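Asker: Coordinates in my_file-v2.txt, compact mmCIF, C-alpha atoms, are listed below.
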# COMPACT_ATOMS: atom_id res chain seq x y z
CA MET A 33 -6.00 60.74 30.97
CA TYR A 34 -2.67 61.34 29.27
CA CYS A 35 -2.78 60.78 25.53
CA CYS A 36 -1.20 61.69 22.22
CA LYS A 37 -3.05 63.08 19.21
CA VAL A 38 -1.97 61.86 15.79
CA ASP A 39 -3.26 61.67 12.22
CA ARG A 40 -5.28 58.45 11.84
CA LYS A 41 -3.13 57.39 8.85
CA GLU A 42 -0.16 57.06 11.22
CA GLY A 43 -2.17 55.72 14.15
CA GLU A 44 -1.42 52.01 13.71
CA LYS A 45 2.33 52.59 13.46
CA LEU A 46 2.27 54.65 16.64
CA ARG A 47 -0.03 52.20 18.46
CA ARG A 48 2.36 49.30 17.76
CA TYR A 49 5.32 51.38 18.86
CA LEU A 50 3.65 52.32 22.16
CA LEU A 51 2.43 48.76 22.74
CA ASP A 52 5.89 47.24 22.25
CA ARG A 53 7.34 49.66 24.81
CA GLY A 54 4.65 49.22 27.45
CA LEU A 55 3.43 52.83 27.06
CA LEU A 56 -0.07 52.16 25.66
CA ASN A 57 -2.91 52.27 28.17
CA ARG A 58 -4.80 49.15 27.17
CA GLU A 59 -7.61 49.73 29.66
CA TYR A 60 -9.17 52.28 27.32
CA LYS A 61 -10.08 52.35 23.65
CA ILE A 62 -8.39 54.69 21.20
CA ARG A 63 -10.68 57.65 20.51
CA ARG A 64 -11.32 58.82 16.93
CA GLU A 65 -12.37 62.36 16.15
CA GLY A 66 -12.41 63.42 12.50
CA ASN A 67 -9.04 62.68 10.92
CA PHE A 68 -7.29 62.32 14.27
CA LEU A 69 -6.80 59.59 16.84
CA TYR A 70 -6.33 60.14 20.56
CA ILE A 71 -4.19 57.28 21.88
CA PRO A 72 -4.26 56.77 25.70
CA LEU A 73 -0.93 56.51 27.54
CA ILE A 74 -0.21 54.87 30.89
CA HIS A 75 1.59 58.00 32.18
CA PRO A 76 3.03 61.32 30.95
CA LEU A 77 6.19 60.84 28.89
CA GLU A 78 9.64 62.20 29.67
CA PRO A 79 11.03 64.70 27.14
CA ILE A 80 13.39 62.18 25.53
CA LEU A 81 10.44 59.85 24.81
CA GLU A 82 8.37 62.71 23.40
CA GLU A 83 11.30 63.55 21.11
CA GLU A 84 11.45 59.92 20.01
CA LEU A 85 7.76 59.88 19.07
CA ARG A 86 8.07 63.14 17.16
CA SER A 87 10.74 61.50 15.01
CA LEU A 88 8.43 58.53 14.34
CA VAL A 89 5.39 60.39 12.94
CA SER A 90 4.95 63.58 10.95
CA SER A 91 2.89 65.41 13.58
CA ILE A 92 1.95 64.63 17.18
CA GLU A 93 0.50 66.46 20.21
CA PHE A 94 0.67 65.38 23.87
CA LEU A 95 -2.49 66.16 25.84
CA GLU A 96 -4.26 65.56 29.15
CA LEU A 97 -8.01 64.99 28.75
CA GLU A 98 -10.84 63.95 31.05
CA ASP A 99 -11.16 60.17 31.53
CA GLU A 100 -14.79 60.38 30.39
CA LYS A 101 -13.64 61.17 26.86
CA PHE A 102 -12.29 57.61 26.54
CA GLN A 103 -14.36 54.43 26.57
CA SER A 104 -13.18 51.79 29.01
CA ARG A 105 -12.59 48.37 27.49
CA LYS A 106 -14.41 46.91 30.47
CA ASP A 107 -17.61 48.42 29.05
CA SER A 108 -17.27 46.43 25.82
CA LYS A 109 -15.85 43.15 27.10
CA LYS A 110 -17.69 40.56 29.12
CA ASN A 111 -14.54 38.72 30.12
CA MET A 112 -12.00 40.14 32.53
CA SER A 113 -8.43 40.53 31.22
CA PHE A 114 -5.40 39.48 33.25
CA ARG A 115 -4.49 43.15 33.63
CA ASP A 116 -7.98 43.85 35.03
CA TYR A 117 -7.54 40.96 37.48
CA LEU A 118 -4.26 42.43 38.76
CA LEU A 119 -5.66 45.96 39.05
CA ASN A 120 -8.79 44.75 40.86
CA ASN A 121 -6.95 42.59 43.38
CA PHE A 122 -3.41 43.92 43.84
CA LYS A 123 -3.52 47.69 43.44
CA GLY A 124 -1.39 48.26 46.56
CA GLU A 125 1.23 45.72 45.52
CA ILE A 126 1.38 47.27 42.04
CA GLU A 127 1.96 50.71 43.57
CA LYS A 128 4.77 49.27 45.74
CA GLY A 129 6.41 47.78 42.67
CA TRP A 130 5.94 44.19 43.84
CA ILE A 131 3.81 43.28 40.81
CA SER A 132 4.30 44.62 37.29
CA LEU A 133 1.41 45.06 34.88
CA SER A 134 3.88 44.30 32.07
CA TYR A 135 4.58 40.68 31.20
CA ASP A 136 6.01 38.77 28.26
CA VAL A 137 4.20 36.17 26.18
CA ILE A 138 6.55 34.00 24.12
CA GLY A 139 4.57 31.44 22.17
CA SER A 140 2.63 29.42 24.75
CA ILE A 141 4.67 30.74 27.71
CA ALA A 142 3.90 33.79 29.86
CA ILE A 143 6.63 35.30 32.05
CA LEU A 144 5.47 37.54 34.89
CA GLN A 145 7.31 40.05 37.05
CA ILE A 146 6.47 39.48 40.73
CA ALA A 147 8.78 40.38 43.61
CA GLU A 148 10.02 37.90 46.22
CA GLU A 149 8.06 39.89 48.82
CA MET A 150 4.87 38.22 47.57
CA ASP A 151 4.37 34.88 49.32
CA ILE A 152 4.54 31.71 47.23
CA ASP A 153 0.83 30.87 47.55
CA THR A 154 -0.16 34.31 46.23
CA ARG A 155 2.37 34.04 43.40
CA ARG A 156 0.87 30.70 42.37
CA GLU A 157 -2.67 32.11 42.60
CA ILE A 158 -1.64 34.91 40.23
CA GLY A 159 -0.05 32.33 37.93
CA GLU A 160 -3.23 30.23 37.81
CA ASN A 161 -5.26 33.29 36.87
CA ALA A 162 -2.74 34.21 34.18
CA LEU A 163 -3.19 30.71 32.78
CA LYS A 164 -6.96 31.27 32.60
CA LEU A 165 -6.99 34.85 31.33
CA ILE A 166 -4.10 35.13 28.85
CA PRO A 167 -5.10 33.52 25.53
CA SER A 168 -3.11 30.50 24.25
CA VAL A 169 -0.84 30.32 27.30
CA LYS A 170 -0.07 26.85 28.68
CA THR A 171 2.81 27.67 31.05
CA VAL A 172 3.35 30.59 33.44
CA PHE A 173 6.74 31.48 34.91
CA ARG A 174 8.01 34.25 37.17
CA LYS A 175 11.33 36.03 36.65
CA LYS A 176 13.50 35.20 39.66
CA GLY A 177 16.27 37.65 38.86
CA GLY A 178 18.15 39.57 36.23
CA ILE A 179 19.98 38.31 33.16
CA GLU A 180 23.23 36.62 34.18
CA GLY A 181 26.42 35.17 32.72
CA ASP A 182 27.90 34.89 29.26
CA TYR A 183 24.81 33.01 28.06
CA ARG A 184 22.49 35.87 29.10
CA ILE A 185 19.89 33.73 30.85
CA ARG A 186 17.70 34.26 33.90
CA LYS A 187 16.29 31.91 36.53
CA LEU A 188 12.57 31.19 36.34
CA GLU A 189 9.99 29.93 38.81
CA LEU A 190 7.05 27.85 37.58
CA LEU A 191 3.76 29.33 38.78
CA ALA A 192 1.16 27.41 36.78
CA GLY A 193 0.70 24.94 33.95
CA GLU A 194 3.08 22.34 32.56
CA TYR A 195 6.82 22.72 33.07
CA ASN A 196 7.87 23.40 29.50
CA THR A 197 10.53 25.95 28.55
CA LEU A 198 10.60 25.31 24.77
CA THR A 199 8.05 27.14 22.63
CA LEU A 200 7.44 28.27 19.06
CA TYR A 201 7.18 32.06 18.68
CA ARG A 202 5.91 33.96 15.63
CA GLU A 203 6.66 37.53 14.53
CA ASN A 204 7.20 39.49 11.31
CA ASN A 205 6.26 36.52 9.09
CA TYR A 206 8.88 34.15 10.50
CA ARG A 207 8.93 31.57 13.32
CA LEU A 208 11.46 30.90 16.07
CA TRP A 209 12.07 28.06 18.48
CA VAL A 210 12.90 29.60 21.86
CA ASP A 211 13.92 27.94 25.13
CA VAL A 212 13.24 30.59 27.78
CA GLU A 213 15.40 28.80 30.36
CA LYS A 214 18.54 28.39 28.22
CA VAL A 215 18.67 31.46 25.93
CA TYR A 216 18.02 35.19 26.00
CA PHE A 217 15.01 36.35 24.00
CA SER A 218 12.81 39.45 24.21
CA PRO A 219 9.49 39.60 22.34
CA ARG A 220 9.48 43.36 23.00
CA LEU A 221 12.12 43.85 20.30
CA GLY A 222 9.79 42.67 17.52
CA TRP A 223 9.18 46.22 16.31
CA GLU A 224 12.93 46.92 16.32
CA ARG A 225 13.69 43.75 14.36
CA LYS A 226 11.09 44.79 11.81
CA ARG A 227 12.77 48.19 11.51
CA ILE A 228 16.14 46.57 10.76
CA MET A 229 14.51 44.08 8.40
CA GLU A 230 13.13 46.92 6.31
CA MET A 231 16.58 48.54 6.05
CA VAL A 232 18.40 45.46 4.73
CA SER A 233 19.05 45.18 0.99
CA PRO A 234 20.00 42.14 -1.16
CA ARG A 235 23.53 43.57 -1.42
CA ASP A 236 24.16 43.52 2.33
CA VAL A 237 26.44 41.19 4.24
CA VAL A 238 25.22 41.23 7.86
CA VAL A 239 27.22 40.28 10.95
CA ASP A 240 24.96 39.57 13.94
CA MET A 241 27.53 39.64 16.77
CA PHE A 242 25.27 38.29 19.54
CA CYS A 243 22.58 36.42 17.63
CA GLY A 244 20.93 34.20 20.25
CA VAL A 245 18.35 31.98 18.54
CA GLY A 246 18.52 34.21 15.46
CA PRO A 247 15.64 36.73 15.52
CA PHE A 248 17.70 39.58 14.04
CA SER A 249 19.56 37.24 11.67
CA ILE A 250 16.36 35.75 10.27
CA ALA A 251 14.76 39.21 10.10
CA CYS A 252 17.69 40.13 7.80
CA ARG A 253 17.00 37.21 5.45
CA ASN A 254 16.77 39.54 2.45
CA ALA A 255 20.55 40.12 2.72
CA ARG A 256 23.11 38.40 0.52
CA LYS A 257 24.70 36.64 3.55
CA ILE A 258 24.35 36.73 7.34
CA TYR A 259 26.99 35.63 9.85
CA ALA A 260 25.13 34.70 13.05
CA ILE A 261 27.50 34.40 16.03
CA ASP A 262 26.89 33.44 19.65
CA ILE A 263 28.86 31.94 22.54
CA ASN A 264 25.85 30.02 23.93
CA PRO A 265 25.74 26.46 22.50
CA TYR A 266 22.03 26.06 23.34
CA ALA A 267 21.24 29.24 21.43
CA VAL A 268 23.22 28.14 18.39
CA GLU A 269 21.50 24.75 18.32
CA LEU A 270 18.13 26.48 18.28
CA LEU A 271 19.47 28.94 15.70
CA LYS A 272 20.23 26.00 13.40
CA ARG A 273 16.69 24.68 13.88
CA ASN A 274 15.31 28.14 13.12
CA ILE A 275 17.42 28.40 9.98
CA GLU A 276 15.87 25.15 8.73
CA LEU A 277 12.40 26.15 9.89
CA ASN A 278 12.51 29.42 7.95
CA LYS A 279 14.30 27.92 4.92
CA VAL A 280 17.29 30.29 4.98
CA ARG A 281 20.09 27.71 4.99
CA ASP A 282 21.65 29.36 1.92
CA LYS A 283 21.76 32.77 3.64
CA ILE A 284 22.80 32.30 7.28
CA VAL A 285 26.11 30.94 8.58
CA ALA A 286 25.76 29.82 12.23
CA ILE A 287 28.96 30.25 14.29
CA LEU A 288 29.40 28.99 17.88
CA GLU A 289 32.21 31.16 19.25
CA ASP A 290 33.12 34.27 21.20
CA VAL A 291 32.77 36.97 18.54
CA ARG A 292 36.20 38.35 19.48
CA ASN A 293 37.72 35.18 18.04
CA VAL A 294 35.80 35.26 14.75
CA ASP A 295 37.32 36.64 11.53
CA VAL A 296 34.43 37.93 9.39
CA SER A 297 33.46 41.23 7.81
CA GLY A 298 30.28 42.87 6.56
CA ASN A 299 28.70 46.18 5.71
CA ARG A 300 25.96 45.92 8.37
CA VAL A 301 26.81 44.92 11.96
CA ILE A 302 24.20 44.27 14.68
CA MET A 303 25.31 44.72 18.31
CA ASN A 304 22.28 43.65 20.35
CA LEU A 305 23.97 43.29 23.74
CA PRO A 306 22.95 46.54 25.42
CA LYS A 307 24.51 46.07 28.85
CA TYR A 308 27.95 45.06 27.54
CA SER A 309 28.12 46.18 23.90
CA HIS A 310 30.64 48.92 24.78
CA ARG A 311 33.19 46.18 25.56
CA PHE A 312 33.00 44.93 21.96
CA ILE A 313 33.08 48.23 20.08
CA ASP A 314 36.66 47.78 18.83
CA LYS A 315 35.77 44.36 17.43
CA ALA A 316 32.71 45.83 15.71
CA LEU A 317 34.88 48.53 14.11
CA ASP A 318 37.23 45.82 12.92
CA ILE A 319 34.33 43.84 11.40
CA VAL A 320 32.49 46.69 9.65
CA GLU A 321 33.56 47.64 6.14
CA ASP A 322 34.30 51.20 5.05
CA GLY A 323 31.01 53.06 4.74
CA GLY A 324 29.18 50.27 6.57
CA ILE A 325 26.63 50.63 9.37
CA ILE A 326 26.77 49.48 12.99
CA HIS A 327 23.45 49.13 14.80
CA TYR A 328 24.73 49.84 18.31
CA TYR A 329 22.40 48.94 21.21
CA THR A 330 23.42 50.25 24.62
CA ILE A 331 22.05 51.55 27.91
CA ALA A 332 22.25 55.32 28.39
CA LYS A 333 20.51 58.35 29.84
CA ASP A 334 20.50 60.10 26.46
CA PHE A 335 21.74 59.65 22.90
CA LYS A 336 24.87 61.76 23.42
CA GLU A 337 26.06 59.42 26.17
CA GLY A 338 25.77 56.47 23.80
CA GLU A 339 27.54 58.32 21.00
CA ARG A 340 30.65 59.20 23.01
CA ILE A 341 32.20 55.77 22.55
CA PHE A 342 32.68 56.46 18.83
CA GLU A 343 34.16 59.96 19.19
CA SER A 344 37.80 58.98 19.77
CA ARG A 345 37.73 55.81 17.68
CA CYS A 346 36.61 56.63 14.15
CA ASP A 347 35.11 59.05 11.69
CA TYR A 348 31.40 58.40 11.92
CA GLU A 349 27.96 59.70 11.05
CA ILE A 350 24.78 59.05 13.04
CA LEU A 351 22.06 57.99 10.61
CA GLY A 352 19.39 57.24 13.20
CA ARG A 353 18.69 57.36 16.94
CA ARG A 354 15.89 55.51 18.71
CA ILE A 355 14.77 54.58 22.19
CA VAL A 356 14.11 50.84 22.22
CA LYS A 357 12.61 50.59 25.71
CA SER A 358 12.93 51.86 29.27
CA TYR A 359 15.62 50.16 31.37
CA ALA A 360 15.56 51.94 34.74
CA PRO A 361 14.41 55.35 36.00
CA ARG A 362 15.82 57.87 33.48
CA GLU A 363 17.82 55.16 31.72
CA TYR A 364 16.94 53.60 28.38
CA VAL A 365 18.00 50.92 25.96
CA ILE A 366 18.80 52.99 22.90
CA VAL A 367 20.00 52.16 19.40
CA LEU A 368 22.31 54.27 17.26
CA ASP A 369 22.59 53.55 13.53
CA VAL A 370 26.22 54.55 12.95
CA LYS A 371 27.85 54.86 9.52
CA VAL A 372 31.61 54.27 9.85
CA ASN A 373 33.97 55.98 7.42
CA LYS A 374 37.39 54.31 7.42
CA ALA A 375 38.95 55.81 4.31
Kindly return the structure encoded in the file as structure tokens.
Answerer:
Amino acid sequence: MYCCKVDRKEGEKLRRYLLDRGLLNREYKIRREGNFLYIPLIHPLEPILEEELRSLVSSIEFLELEDEKFQSRKDSKKNMSFRDYLLNNFKGEIEKGWISLSYDVIGSIAILQIAEEMDIDTRREIGENALKLIPSVKTVFRKKGGIEGDYRIRKLELLAGEYNTLTLYRENNYRLWVDVEKVYFSPRLGWERKRIMEMVSPRDVVVDMFCGVGPFSIACRNARKIYAIDINPYAVELLKRNIELNKVRDKIVAILEDVRNVDVSGNRVIMNLPKYSHRFIDKALDIVEDGGIIHYYTIAKDFKEGERIFESRCDYEILGRRIVKSYAPREYVIVLDVKVNKA
């Protein structure tokens, strides 16, 4: 069993971090020994991920211990989890990569990752079991492909339950209306949105360049003003509903437009468009005020690769580096907190 050893005072922070990134082995309980916790991992971590965790907590060790040292959750639960169901019935398909143990739950909707190689009847059987075994879920979809187009949406296949794509999602003490068929939304960024939320001050003017339904914008509600911009009209309509829902009408300005055509400025700029953010870096540098911060999300093999885009463009200082999640083998969605000095 691969695990990490950490002081119990920092255990919950680390557990949430690992859970959000799909690294926590939820089949086993966390083991406590004295003042330390041993947190089980699904696999050994690559060096860049170990470095990331070392920056998160004051002290951490990475170990390999005998399985017997950890108590299986199956021993303490009468009911089978959806993960248990998949492992018990589709181990071969999981090993082939046809079925992922990771899935998203957005409000009352679960979205699974199952390859086209699985026949439709089996996909629907899996969906029906997800409906039974995942708490509070009323609709189960399958991802049919990657994120596409300017609106950043993906095609979905209904596997079980009622055909409903609109749901109410809760995180970080705010609520969001999300339509999983018409807008991009990732519940796995909840920890990252909380991190940004805790950095925002009442003096800040935030520009959320690709806001979607507004999760980052609403997370920044402590700021003096937030400009929330998106090109997707469905996203902006839901953004307006979410502004009313969370009572932040006096803080957030919703703008339906390509951000390249918008004339705004602020001291904190959020660029949550990892696959294409590099195409908008000049606009972000135009928006950010002298001494302001750009939260730059991109896909890279390491932090240095992500940083290169700033080297020939401005005088800058890296205030923070984090891995947000895995993207592909040896590729990650990373975030750089970049202070831009114009003067």
Asker: Within 10 Å of region 148-155 of chain A, counting all atoms listed in the file, which residues show up once you throw out same-chain ones fewer than 5 positions away? Write them as an mmCIF file with C-alpha atoms, in the frame of the given file, please.
Answerer:
data_model
loop_
_atom_site.group_PDB
_atom_site.id
_atom_site.type_symbol
_atom_site.label_atom_id
_atom_site.label_comp_id
_atom_site.auth_asym_id
_atom_site.auth_seq_id
_atom_site.Cartn_x
_atom_site.Cartn_y
_atom_site.Cartn_z
ATOM 1 C CA GLU A 125 1.230 45.720 45.520
ATOM 2 C CA TRP A 130 5.940 44.190 43.840
ATOM 3 C CA ILE A 131 3.810 43.280 40.810
ATOM 4 C CA GLU A 160 -3.230 30.230 37.810
ATOM 5 C CA PHE A 173 6.740 31.480 34.910
ATOM 6 C CA ARG A 174 8.010 34.250 37.170
ATOM 7 C CA LYS A 175 11.330 36.030 36.650
ATOM 8 C CA LYS A 176 13.500 35.200 39.660
ATOM 9 C CA GLY A 177 16.270 37.650 38.860
ATOM 10 C CA GLU A 189 9.990 29.930 38.810
ATOM 11 C CA LEU A 190 7.050 27.850 37.580
ATOM 12 C CA LEU A 191 3.760 29.330 38.780
ATOM 13 C CA ALA A 192 1.160 27.410 36.780
#
Asker: Within 9 Å of Ile185 (chain A), counting all atoms listed in the file, which residues qualify if same-chain residues fewer than 2 places away don't, as a list in words?
Answerer: Gly178, Ile179, Glu180, Gly181, Asp182, Tyr183, Lys187, Val212, Glu213, Lys214, Val215, Tyr216 and Phe217 of chain A
Asker: Measuring atom to atom with all atoms listed in the file, identify which of A:Ile228, A:Leu208, A:Val285, A:Leu165 is nearest to Val367 (chain A).
Answerer: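 Nearest candidate to Val367 (chain A) out of A:Ile228, A:Leu208, A:Val285, A:Leu165: A:Ile228.
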Asker: Need the shell around Ser344 (chain A): protein/DNA/RNA residues with any atom at most 12 Å away, counting all atoms listed in the file. Skip same-chain ones fewer than 5 positions apart. Format as a list in words?
Answerer: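 After dropping sequence-adjacent residues, the list is Ile313, Asp314 and Glu339 of chain A.
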